[in-house]
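> My file is run_5.txt. It has compact mmCIF, C-alpha atoms:
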# COMPACT_ATOMS: atom_id res chain seq x y z
CA MET A 1 10.24 -12.01 61.75
CA ASN A 2 12.13 -11.95 65.00
CA ARG A 3 13.35 -15.43 64.23
CA ILE A 4 14.84 -14.26 60.88
CA LEU A 5 16.64 -11.36 62.53
CA TYR A 6 17.97 -13.76 65.12
CA TYR A 7 19.89 -15.65 62.45
CA PHE A 8 20.74 -12.71 60.15
CA ILE A 9 22.46 -10.39 62.65
CA PRO A 10 25.12 -12.90 63.76
CA LEU A 11 25.88 -13.63 60.10
CA ILE A 12 26.58 -9.94 59.40
CA LEU A 13 28.88 -9.79 62.42
CA LEU A 14 30.88 -12.81 61.23
CA ILE A 15 31.34 -11.31 57.76
CA GLY A 16 32.55 -8.03 59.26
CA ILE A 17 35.07 -9.73 61.52
CA ALA A 18 36.44 -11.76 58.57
CA SER A 19 36.78 -8.60 56.46
CA CYS A 20 38.72 -6.86 59.19
CA LYS A 21 41.11 -9.79 59.46
CA ASN A 22 41.69 -9.85 55.69
CA ALA A 23 42.38 -6.11 55.65
CA GLU A 24 44.80 -6.50 58.51
CA THR A 25 46.63 -9.37 56.73
CA THR A 26 46.85 -7.36 53.50
CA ALA A 27 48.23 -4.37 55.34
CA ILE A 28 50.90 -6.49 56.97
CA SER A 29 51.87 -8.06 53.65
CA GLU A 30 52.17 -4.66 51.98
CA SER A 31 54.24 -3.40 54.89
CA GLN A 32 56.64 -6.32 54.61
CA LYS A 33 56.76 -5.91 50.87
CA ASN A 34 57.69 -2.24 51.06
CA ALA A 35 60.27 -2.65 53.81
CA GLU A 36 63.74 -1.36 52.97
CA PRO A 37 66.42 -4.13 52.71
CA GLY A 38 68.82 -1.83 54.53
CA ASP A 39 66.62 -2.07 57.63
CA THR A 40 67.06 -5.83 57.77
CA ILE A 41 68.86 -7.39 60.74
CA ILE A 42 69.85 -11.04 60.55
CA GLU A 43 70.83 -13.10 63.56
CA LEU A 44 72.21 -16.62 63.58
CA SER A 45 73.86 -18.88 66.06
CA LYS A 46 77.54 -19.72 66.09
CA GLU A 47 76.59 -23.30 65.33
CA GLN A 48 74.70 -22.23 62.18
CA PHE A 49 77.63 -20.02 61.19
CA GLU A 50 80.11 -22.88 61.38
CA GLN A 51 77.83 -25.53 59.84
CA ASN A 52 77.32 -23.38 56.72
CA GLY A 53 81.07 -22.72 56.31
CA MET A 54 80.63 -18.96 56.64
CA SER A 55 83.51 -16.53 57.17
CA VAL A 56 84.02 -12.89 58.06
CA SER A 57 86.85 -10.58 56.97
CA SER A 58 87.71 -6.91 56.59
CA LEU A 59 88.01 -4.77 53.45
CA GLU A 60 91.24 -5.32 51.53
CA GLU A 61 93.24 -2.95 49.34
CA LYS A 62 93.64 -4.52 45.91
CA VAL A 63 95.08 -3.39 42.57
CA PHE A 64 92.49 -3.11 39.81
CA PRO A 65 93.80 -2.77 36.26
CA GLU A 66 92.17 -0.41 33.79
CA MET A 67 91.58 -2.32 30.57
CA VAL A 68 90.69 -1.74 26.94
CA GLN A 69 88.49 -4.48 25.52
CA ALA A 70 89.19 -5.82 22.03
CA ASN A 71 88.60 -8.82 19.78
CA GLY A 72 90.83 -10.50 17.26
CA LEU A 73 92.42 -13.67 15.97
CA ILE A 74 95.46 -15.84 16.46
CA ASP A 75 97.49 -15.45 13.28
CA VAL A 76 100.98 -15.93 11.83
CA PRO A 77 103.30 -13.47 10.02
CA PRO A 78 103.12 -13.50 6.19
CA ALA A 79 106.53 -15.22 6.08
CA ASN A 80 105.04 -18.17 7.99
CA ARG A 81 102.17 -18.79 5.58
CA ALA A 82 102.68 -20.17 2.06
CA VAL A 83 100.35 -21.05 -0.79
CA VAL A 84 101.74 -23.55 -3.30
CA SER A 85 100.62 -23.25 -6.93
CA ALA A 86 101.78 -24.45 -10.35
CA PRO A 87 103.94 -21.97 -12.30
CA LEU A 88 102.74 -23.20 -15.71
CA GLY A 89 99.61 -25.13 -14.83
CA GLY A 90 98.81 -28.76 -15.54
CA TYR A 91 96.96 -31.83 -14.27
CA ILE A 92 97.49 -33.15 -10.74
CA LYS A 93 99.20 -36.53 -11.15
CA ASN A 94 99.66 -37.40 -7.47
CA THR A 95 99.38 -35.91 -4.01
CA HIS A 96 99.37 -37.95 -0.81
CA LEU A 97 99.05 -35.20 1.81
CA LEU A 98 96.12 -34.52 4.13
CA ILE A 99 95.17 -31.49 6.21
CA GLY A 100 97.23 -31.55 9.40
CA ASP A 101 100.26 -33.32 7.91
CA ARG A 102 103.64 -31.84 8.85
CA VAL A 103 106.01 -31.05 5.98
CA ARG A 104 109.54 -29.72 5.84
CA LYS A 105 111.00 -27.09 3.56
CA GLY A 106 112.05 -28.62 0.22
CA GLN A 107 109.79 -31.68 0.57
CA THR A 108 107.86 -32.85 -2.51
CA LEU A 109 104.14 -32.27 -1.99
CA GLY A 110 102.91 -33.77 -5.25
CA THR A 111 103.39 -33.61 -9.02
CA ILE A 112 101.58 -32.04 -11.97
CA GLU A 113 101.68 -33.21 -15.58
CA ASN A 114 101.59 -31.13 -18.77
CA PRO A 115 102.72 -31.94 -22.36
CA ASP A 116 104.07 -28.39 -22.60
CA PHE A 117 106.83 -29.41 -20.19
CA VAL A 118 108.25 -31.64 -22.92
CA SER A 119 108.20 -28.80 -25.47
CA LEU A 120 109.99 -26.53 -23.00
CA GLN A 121 112.75 -29.07 -22.43
CA GLN A 122 113.08 -29.62 -26.18
CA GLU A 123 113.51 -25.89 -26.76
CA TYR A 124 116.12 -25.82 -24.02
CA LEU A 125 118.16 -28.57 -25.66
CA GLU A 126 117.92 -26.95 -29.10
CA ILE A 127 119.04 -23.54 -27.91
CA LYS A 128 121.85 -25.10 -25.93
CA GLU A 129 123.22 -26.75 -29.08
CA GLN A 130 122.85 -23.51 -31.05
CA LEU A 131 124.58 -21.62 -28.29
CA THR A 132 127.68 -23.76 -28.64
CA TYR A 133 127.95 -22.94 -32.36
CA LEU A 134 127.06 -19.23 -31.94
CA LYS A 135 129.62 -18.81 -29.17
CA SER A 136 132.31 -20.34 -31.38
CA GLU A 137 131.36 -18.06 -34.28
CA TYR A 138 131.36 -14.99 -32.02
CA GLU A 139 134.85 -15.78 -30.72
CA ARG A 140 136.12 -16.35 -34.30
CA GLN A 141 134.73 -12.98 -35.42
CA GLN A 142 136.50 -11.31 -32.47
CA ILE A 143 139.84 -12.63 -33.71
CA LEU A 144 139.12 -11.65 -37.31
CA ILE A 145 138.04 -8.12 -36.45
CA LYS A 146 141.26 -7.58 -34.49
CA GLU A 147 143.29 -8.62 -37.55
CA ASN A 148 141.10 -6.49 -39.84
CA ILE A 149 140.14 -9.57 -41.83
CA SER A 150 136.38 -9.49 -41.13
CA SER A 151 133.99 -6.58 -41.42
CA GLN A 152 132.43 -4.78 -38.49
CA LYS A 153 128.99 -5.82 -39.74
CA SER A 154 129.81 -9.54 -39.59
CA PHE A 155 131.24 -9.18 -36.11
CA LEU A 156 128.16 -7.32 -34.81
CA ARG A 157 125.82 -9.93 -36.33
CA ALA A 158 127.73 -12.79 -34.69
CA GLU A 159 127.74 -10.94 -31.36
CA SER A 160 124.00 -10.25 -31.56
CA ASP A 161 123.10 -13.84 -32.45
CA TYR A 162 125.23 -15.22 -29.64
CA LYS A 163 123.88 -12.89 -26.92
CA LYS A 164 120.29 -13.41 -28.06
CA ALA A 165 120.70 -17.19 -27.89
CA GLU A 166 122.41 -16.88 -24.50
CA ALA A 167 119.46 -14.86 -23.11
CA THR A 168 116.99 -17.44 -24.44
CA TYR A 169 119.06 -20.26 -22.93
CA ASN A 170 119.18 -18.58 -19.51
CA GLY A 171 115.44 -17.84 -19.61
CA LEU A 172 114.53 -21.43 -20.44
CA ARG A 173 116.88 -22.68 -17.73
CA LYS A 174 115.09 -20.47 -15.17
CA GLN A 175 111.72 -21.81 -16.28
CA LEU A 176 112.94 -25.36 -15.75
CA ASP A 177 114.13 -24.37 -12.27
CA LEU A 178 110.68 -22.93 -11.49
CA LEU A 179 109.12 -26.22 -12.59
CA ASN A 180 111.62 -28.11 -10.42
CA ILE A 181 112.92 -29.92 -13.51
CA SER A 182 116.68 -30.41 -13.41
CA PRO A 183 118.46 -28.74 -16.38
CA GLN A 184 121.37 -31.17 -15.85
CA ASP A 185 119.01 -34.14 -16.34
CA VAL A 186 117.58 -32.54 -19.48
CA GLU A 187 121.09 -32.05 -20.87
CA LYS A 188 121.66 -35.78 -20.30
CA GLY A 189 118.57 -36.52 -22.40
CA ILE A 190 116.23 -37.27 -19.48
CA ILE A 191 112.92 -35.65 -20.51
CA SER A 192 110.13 -35.43 -17.90
CA THR A 193 106.41 -34.86 -18.39
CA THR A 194 105.85 -33.94 -14.76
CA SER A 195 106.80 -31.12 -12.43
CA ALA A 196 107.22 -31.48 -8.67
CA LEU A 197 105.46 -29.20 -6.19
CA ILE A 198 108.01 -28.31 -3.48
CA ALA A 199 107.24 -26.99 0.01
CA PRO A 200 108.68 -23.45 0.33
CA ILE A 201 108.52 -23.52 4.16
CA SER A 202 108.23 -26.04 6.97
CA GLY A 203 104.85 -26.28 8.71
CA SER A 204 101.46 -27.97 8.70
CA ILE A 205 99.09 -28.46 5.78
CA THR A 206 95.99 -26.34 6.38
CA GLN A 207 94.32 -26.62 2.95
CA VAL A 208 94.36 -29.12 0.09
CA ASN A 209 92.25 -27.72 -2.75
CA VAL A 210 92.70 -30.38 -5.42
CA SER A 211 92.36 -34.11 -6.10
CA LEU A 212 93.94 -36.45 -8.66
CA GLY A 213 93.29 -35.38 -12.23
CA THR A 214 92.30 -31.81 -11.39
CA TYR A 215 93.53 -29.22 -13.88
CA VAL A 216 95.17 -26.25 -12.19
CA SER A 217 96.14 -22.93 -13.72
CA PRO A 218 99.06 -20.79 -12.50
CA ALA A 219 96.58 -18.78 -10.38
CA THR A 220 95.06 -21.83 -8.64
CA PRO A 221 96.04 -22.29 -4.97
CA ILE A 222 96.80 -26.00 -4.58
CA ILE A 223 98.09 -26.43 -1.03
CA GLU A 224 98.43 -24.02 1.91
CA ILE A 225 101.13 -24.42 4.56
CA VAL A 226 101.22 -22.60 7.90
CA ASP A 227 104.15 -22.55 10.30
CA ASN A 228 102.70 -22.19 13.82
CA GLU A 229 106.09 -21.69 15.44
CA HIS A 230 105.66 -17.90 15.33
CA ILE A 231 101.95 -17.35 15.95
CA HIS A 232 100.82 -14.03 17.39
CA LEU A 233 97.71 -12.02 18.23
CA GLU A 234 96.07 -9.70 15.71
CA ILE A 235 93.46 -7.71 17.61
CA SER A 236 91.35 -4.72 16.62
CA VAL A 237 91.17 -1.73 19.00
CA PHE A 238 88.54 0.97 18.52
CA GLU A 239 89.70 4.42 17.54
CA LYS A 240 88.53 5.97 20.83
CA ASP A 241 90.87 3.69 22.83
CA ILE A 242 93.98 3.61 20.67
CA MET A 243 95.69 6.56 22.43
CA LYS A 244 95.83 4.46 25.62
CA ILE A 245 97.74 1.63 23.96
CA GLN A 246 101.54 1.47 24.21
CA LYS A 247 104.17 -1.09 23.30
CA GLY A 248 104.95 -3.50 26.13
CA GLN A 249 101.52 -3.41 27.78
CA GLU A 250 100.16 -6.76 28.96
CA ILE A 251 97.29 -8.45 27.11
CA LEU A 252 94.95 -10.91 28.81
CA PHE A 253 92.94 -12.99 26.37
CA LYS A 254 90.60 -15.95 26.21
CA ILE A 255 89.52 -18.32 23.44
CA PRO A 256 85.77 -18.53 24.23
CA GLU A 257 85.05 -21.44 21.91
CA ALA A 258 87.88 -23.63 23.21
CA SER A 259 88.73 -22.87 26.83
CA ALA A 260 87.82 -20.79 29.88
CA GLU A 261 91.51 -20.28 30.70
CA THR A 262 93.07 -16.81 30.53
CA TYR A 263 96.28 -16.50 28.52
CA ARG A 264 98.86 -13.72 28.37
CA ALA A 265 100.51 -11.73 25.61
CA GLU A 266 102.30 -8.40 25.17
CA VAL A 267 101.68 -5.47 22.82
CA TYR A 268 104.48 -5.52 20.24
CA LEU A 269 103.30 -3.36 17.32
CA ILE A 270 100.54 -0.76 16.96
CA GLY A 271 99.10 -0.04 13.53
CA ASN A 272 99.05 3.49 12.14
CA ALA A 273 96.09 3.15 9.78
CA ILE A 274 92.39 3.22 10.65
CA GLU A 275 90.33 0.55 8.93
CA GLU A 276 86.81 0.93 7.57
CA ASN A 277 85.19 -0.16 10.84
CA ARG A 278 87.13 2.56 12.72
CA THR A 279 89.54 0.15 14.39
CA ILE A 280 93.34 -0.09 14.47
CA ARG A 281 95.31 -3.34 14.34
CA VAL A 282 97.44 -4.22 17.36
CA HIS A 283 100.02 -6.99 17.08
CA GLY A 284 100.76 -8.98 20.25
CA HIS A 285 103.44 -11.55 21.07
CA LEU A 286 102.20 -14.60 22.97
CA LYS A 287 103.78 -15.86 26.19
CA ASP A 288 104.38 -19.56 26.96
CA ILE A 289 103.46 -20.64 23.43
CA SER A 290 104.93 -24.11 23.90
CA LYS A 291 102.53 -24.87 26.76
CA HIS A 292 99.38 -24.35 24.70
CA ASN A 293 98.03 -25.80 21.47
CA PHE A 294 97.06 -22.55 19.76
CA LEU A 295 95.83 -22.78 16.17
CA THR A 296 95.82 -20.14 13.45
CA GLY A 297 92.42 -18.52 13.00
CA MET A 298 91.16 -18.98 16.58
CA PHE A 299 88.89 -16.13 17.73
CA VAL A 300 90.08 -14.36 20.87
CA SER A 301 88.46 -11.98 23.34
CA ALA A 302 91.20 -9.73 24.72
CA ALA A 303 91.74 -7.02 27.32
CA ILE A 304 94.79 -4.72 27.19
CA ILE A 305 95.92 -3.49 30.62
CA THR A 306 96.64 0.24 30.21
CA SER A 307 97.13 1.25 33.87
CA ASP A 308 96.60 0.13 37.49
CA LYS A 309 94.77 1.70 40.43
CA SER A 310 94.30 0.67 44.08
CA ALA A 311 90.94 0.47 45.83
CA MET A 312 89.35 -1.04 48.93
CA SER A 313 87.60 -4.21 47.93
CA ILE A 314 85.82 -7.35 49.02
CA PRO A 315 85.43 -10.82 47.52
CA THR A 316 82.74 -10.63 44.85
CA GLU A 317 80.79 -13.49 46.46
CA ALA A 318 80.15 -11.25 49.50
CA LEU A 319 77.80 -9.06 47.43
CA VAL A 320 74.05 -9.75 47.41
CA SER A 321 71.74 -8.33 44.74
CA LEU A 322 68.33 -7.13 45.93
CA ASN A 323 65.90 -4.90 44.00
CA ASP A 324 68.61 -4.01 41.43
CA SER A 325 70.97 -2.84 44.21
CA LEU A 326 73.97 -4.46 45.85
CA TYR A 327 74.29 -5.09 49.57
CA LEU A 328 76.81 -6.33 52.12
CA LEU A 329 76.17 -8.10 55.38
CA LEU A 330 77.95 -6.00 58.00
CA LEU A 331 78.77 -7.71 61.30
CA GLU A 332 77.28 -5.52 64.04
CA THR A 333 77.81 -7.70 67.12
CA GLU A 334 79.50 -10.98 67.83
CA LYS A 335 78.84 -12.93 71.01
CA ASP A 336 79.86 -16.36 72.19
CA THR A 337 76.74 -18.00 70.80
CA MET A 338 75.34 -15.51 68.29
CA TYR A 339 76.22 -13.32 65.27
CA ARG A 340 74.21 -10.24 64.32
CA PHE A 341 74.44 -8.86 60.73
CA LYS A 342 72.94 -5.81 59.08
CA LEU A 343 72.29 -5.36 55.35
CA VAL A 344 74.17 -2.31 54.07
CA LYS A 345 73.73 -0.92 50.55
CA VAL A 346 77.00 -0.19 48.70
CA GLU A 347 78.19 1.19 45.38
CA THR A 348 80.73 -0.95 43.58
CA GLY A 349 83.45 -0.28 41.03
CA ASP A 350 85.63 -2.54 38.91
CA ALA A 351 85.78 -6.30 39.40
CA TYR A 352 88.95 -8.31 38.84
CA ASN A 353 90.32 -11.68 39.85
CA GLY A 354 87.44 -12.51 42.24
CA TYR A 355 87.36 -9.11 44.01
CA THR A 356 85.09 -6.09 43.55
CA ALA A 357 86.07 -2.51 44.43
CA ILE A 358 83.88 -0.49 46.81
CA LYS A 359 83.48 3.06 45.48
CA SER A 360 82.75 4.68 48.84
CA THR A 361 83.42 3.29 52.30
CA ASP A 362 81.87 6.21 54.21
CA GLN A 363 78.77 4.18 55.04
CA LEU A 364 80.92 1.49 56.61
CA PRO A 365 82.50 1.88 60.07
CA GLU A 366 86.25 1.80 60.50
CA ASN A 367 87.60 -1.74 60.64
CA ALA A 368 84.25 -3.00 59.34
CA ARG A 369 83.91 -6.78 59.23
CA ILE A 370 81.93 -8.24 56.35
CA LEU A 371 80.37 -11.66 55.82
CA THR A 372 82.45 -12.76 52.82
CA LYS A 373 81.25 -16.35 52.48
CA GLY A 374 77.65 -17.52 52.71
CA ALA A 375 75.95 -14.16 52.33
CA PHE A 376 73.72 -15.13 49.40
CA SER A 377 72.31 -18.24 51.08
CA LEU A 378 71.74 -16.36 54.32
CA VAL A 379 69.77 -13.54 52.72
CA GLY A 380 67.86 -16.04 50.61
CA GLU A 381 66.73 -17.81 53.76
What would the structure in this file look like if it were written as C-alpha cells?

Amino acid sequence: MNRILYYFIPLILLIGIASCKNAETTAISESQKNAEPGDTIIELSKEQFEQNGMSVSSLEEKVFPEMVQANGLIDVPPANRAVVSAPLGGYIKNTHLLIGDRVRKGQTLGTIENPDFVSLQQEYLEIKEQLTYLKSEYERQQILIKENISSQKSFLRAESDYKKAEATYNGLRKQLDLLNISPQDVEKGIISTTSALIAPISGSITQVNVSLGTYVSPATPIIEIVDNEHIHLEISVFEKDIMKIQKGQEILFKIPEASAETYRAEVYLIGNAIEENRTIRVHGHLKDISKHNFLTGMFVSAAIITSDKSAMSIPTEALVSLNDSLYLLLLETEKDTMYRFKLVKVETGDAYNGYTAIKSTDQLPENARILTKGAFSLVGE
C-alpha cells in the first residue's frame, strides 16, 4: 500500500503543475487577444526603415470634390444616327457593306428590285405625254374665253384636266426621286427595275439587317449608320440629386468594361422630365474626343463634381484596417538608430486621387508625423 502511494502522489503533483501552466498560457493568450490596437507601440531600426522603403510625412490640406454618382451610355445626337429603309419595298439585289465600314453621304449602299418600279415609270411617261396635250388645250381655251368664242364650261374643264394631270405628274416625279430613279433617264426611255439605297449621312455602318434576296417592306430597317464625330454622354441622375446639377459642372467617368482610365466631360444639358425609374437625363459633352476610341453604346460609370471642400488628409496607403477600424502609425520618437511608432485610431472622410480626409485631427499632436509608406506591412509583422 505504501508503495502504491509512493508512485501515485508524484503523479498527481505533475498533473497539477501541468494544469497550472496551461491555465497561465490561456490567460496570456486571452490577454493578448483582447489588447487594444491603440495601445500598440512599434519600434524598428533605421536600417529596417530604409530597407523597406518606408517614409514619414505630415498631414496635408487637399481639395476633395463632392460628387453625384450616375450611370449612362455614350451616345450620339439623333441627327448623327440614320436608319436606311426602302420607300416602296422590294427584294435586295446587292449590298457589299459590312459592319464597321465607313460610308459618305450620298454613297450607294445597295439596290432593291421590284416590278412595281417599272409600272411607276410607265405611269410617269404616260402622264407626261398627256400633260403636254392638256397644257396646250388649256392655253387654247384661255385665248378663246378672252375672245368670247368658247364657253366658260369648256374653259373650266380644260383647266381642271390640266391641273389634275400636272399634280399627278409632280407626285410621280417625287416618288421617282424617293426611289433614287432619275426622272430625266425615264424621259429618255431608260426604264430601271432597281432602286438605289443612298446614305443620308456620313459615318460607320453599325447594323446590316438583310442579305441578298431578302424582301423588305417600307417599315423594314435595312442598314444603320452612326456618325461618331459628335458623340456625347447620356447619363441618368436620380431625382434626389438633380437639384445639385448645373450646366458647366465637370464629369469624371470610366468605361468599366474597356479601361480603368478616367475620362472627362462637362454638363451641357439637363433634362426637365422625370422618367419611370425616377431619374433625369443629363447630357454631357466629352473632352479630348480625338484622343480616345469611344464607341456608341458603351456603358459608363460617372461622377458629377458639384462642389469642392478642403480637408486635412493623408495618403490612403497610410491607413491600416484592424477590427473594422482604421489606424495610423504616429511617429512618437526618432533617434539616430531607432524609430518608435504608436497606433492611433482615426475617423476618415472622403477619398480622392490617392488621399483620404481625416475627419478630426484632435487626437493627433500638432505637426504630427505619420508613417505614409510601409504601414500595412509593418503592422502585419
> With a distance cut-off of 12 Å and only C-alpha atoms, select the neighbouring residues of A:Asp288, excluding the residue or stretch itself and same-chain residues fewer than 2 positions from it, and output the selection as a list in words.
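Listing them by chain and then by number gives Glu229, His230, Ile231, His232, Tyr263, Arg264, Ala265, Glu266, His285, Leu286, Ser290, Lys291, His292, Asn293 and Phe294 of chain A.
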> At what distance in Å, to one decimal, does atom CA of A:Leu197 lie from atom CA of A:Leu109?
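Atom CA of A:Leu197 lies at a distance of 5.4 Å from atom CA of A:Leu109.
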> Between atom CA of A:Leu328 and atom CA of A:Val63, measure the distance and give it in Å to one decimal.
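Taking atom CA of A:Leu328 and atom CA of A:Val63, their separation equals 20.8 Å.
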> Considering all atoms listed in the file, state which residue in the set A:Leu144, A:Ile191, A:Ile235, A:Ile251 is at the smallest distance from A:Ile305.
A:Ile251
> With only C-alpha atoms as the basis for distance, which of A:Pro315, A:Pro256, A:Gly213, A:Pro115 is at the shortest distance from A:Asp350?
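Smallest separation from A:Asp350 among the options: A:Pro315.
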> Quick one: residues within 6 Å of A:Gly72, all atoms listed in the file counted, chain neighbours fewer than 4 positions away excluded, as a ChimeraX atom specification?
/A:234-236,299-300
> Just the selected residues (C-alpha atoms), exported as a PDB file, in the coordinates of the input, please.

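File out_1.pdb, as written:
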ATOM      1  CA  GLU A 234      96.070  -9.700  15.710  1.00  0.00           C
ATOM      2  CA  ILE A 235      93.460  -7.710  17.610  1.00  0.00           C
ATOM      3  CA  SER A 236      91.350  -4.720  16.620  1.00  0.00           C
ATOM      4  CA  PHE A 299      88.890 -16.130  17.730  1.00  0.00           C
ATOM      5  CA  VAL A 300      90.080 -14.360  20.870  1.00  0.00           C
TER       6      VAL A 300
END
> Residues within 9 Å of A:Thr296, please, as a ChimeraX atom specification. Count only C-alpha atoms; anything in the same chain fewer than 3 positions from it doesn't count.
/A:73-76,226,228,231-232
> Nearest residue to A:Tyr169 out of A:Glu129, A:Glu139, A:Asp116, A:Glu250, using all atoms listed in the file?
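Checking each of A:Glu129, A:Glu139, A:Asp116, A:Glu250 against A:Tyr169, counting all atoms listed in the file, the winner is A:Glu129.
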> List every protein, DNA or RNA residue that has at least one atom no more than 6 Å from (105.6, -26.4, -7.1) in the file's coordinates, counting only C-alpha atoms, and write the result as a list of chain:residue names.
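With a cut-off of 6 Å, the residues come to A:Ser85, A:Ala86, A:Ala196, A:Leu197, A:Ile198.
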> So that I can see what lies close to A:Ser182, please list as a PDB file with C-alpha atoms, in the coordinates of the input the residues with an atom at most 10 Å from it, counting all atoms listed in the file and leaving out residues fewer than 4 positions away in the same chain.

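Writing done, so here's result34.pdb:
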ATOM      1  CA  GLN A 121     112.750 -29.070 -22.430  1.00  0.00           C
ATOM      2  CA  ARG A 173     116.880 -22.680 -17.730  1.00  0.00           C
ATOM      3  CA  LEU A 176     112.940 -25.360 -15.750  1.00  0.00           C
ATOM      4  CA  ASP A 177     114.130 -24.370 -12.270  1.00  0.00           C
ATOM      5  CA  LEU A 178     110.680 -22.930 -11.490  1.00  0.00           C
ATOM      6  CA  VAL A 186     117.580 -32.540 -19.480  1.00  0.00           C
ATOM      7  CA  GLU A 187     121.090 -32.050 -20.870  1.00  0.00           C
ATOM      8  CA  ILE A 190     116.230 -37.270 -19.480  1.00  0.00           C
ATOM      9  CA  ILE A 191     112.920 -35.650 -20.510  1.00  0.00           C
ATOM     10  CA  SER A 192     110.130 -35.430 -17.900  1.00  0.00           C
ATOM     11  CA  SER A 195     106.800 -31.120 -12.430  1.00  0.00           C
TER      12      SER A 195
END
> Out of A:Phe341, A:Phe253, A:Tyr352, A:Phe64, which residue has the shortest atom-to-atom distance to A:Ile370 when counting all atoms listed in the file?
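Using all atoms listed in the file, A:Ile370 sits closest to A:Phe341.
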> Kindly give the distance, in Å, that separates atom CA of A:Ala82 and atom CA of A:Asn114, rounded to a single decimal.
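Atom CA of A:Asn114 lies at a distance of 23.6 Å from atom CA of A:Ala82.
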> So, with only C-alpha atoms as the atoms that count, which of A:Thr337, A:Ala260, A:Gln69, A:Val379 lies closest to A:Ser301?
A:Gln69
> If I put a ball of radius 12 Å at (89.8, -33.9, -9.4) in the file's coordinates, which residues poke into it when counting only C-alpha atoms, written as an mmCIF file with C-alpha atoms, in the coordinates of the input?

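Okay, selection14.cif is ready:
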data_model
loop_
_atom_site.group_PDB
_atom_site.id
_atom_site.type_symbol
_atom_site.label_atom_id
_atom_site.label_comp_id
_atom_site.auth_asym_id
_atom_site.auth_seq_id
_atom_site.Cartn_x
_atom_site.Cartn_y
_atom_site.Cartn_z
ATOM 1 C CA TYR A 91 96.960 -31.830 -14.270
ATOM 2 C CA ILE A 92 97.490 -33.150 -10.740
ATOM 3 C CA LYS A 93 99.200 -36.530 -11.150
ATOM 4 C CA ASN A 94 99.660 -37.400 -7.470
ATOM 5 C CA THR A 95 99.380 -35.910 -4.010
ATOM 6 C CA VAL A 208 94.360 -29.120 0.090
ATOM 7 C CA ASN A 209 92.250 -27.720 -2.750
ATOM 8 C CA VAL A 210 92.700 -30.380 -5.420
ATOM 9 C CA SER A 211 92.360 -34.110 -6.100
ATOM 10 C CA LEU A 212 93.940 -36.450 -8.660
ATOM 11 C CA GLY A 213 93.290 -35.380 -12.230
ATOM 12 C CA THR A 214 92.300 -31.810 -11.390
ATOM 13 C CA TYR A 215 93.530 -29.220 -13.880
ATOM 14 C CA VAL A 216 95.170 -26.250 -12.190
ATOM 15 C CA ILE A 222 96.800 -26.000 -4.580
#
> Rank nothing, just name the residue among A:Thr333, A:Ser55, A:Thr306, A:Thr168 nearest to A:Leu371, using all atoms listed in the file.
A:Ser55
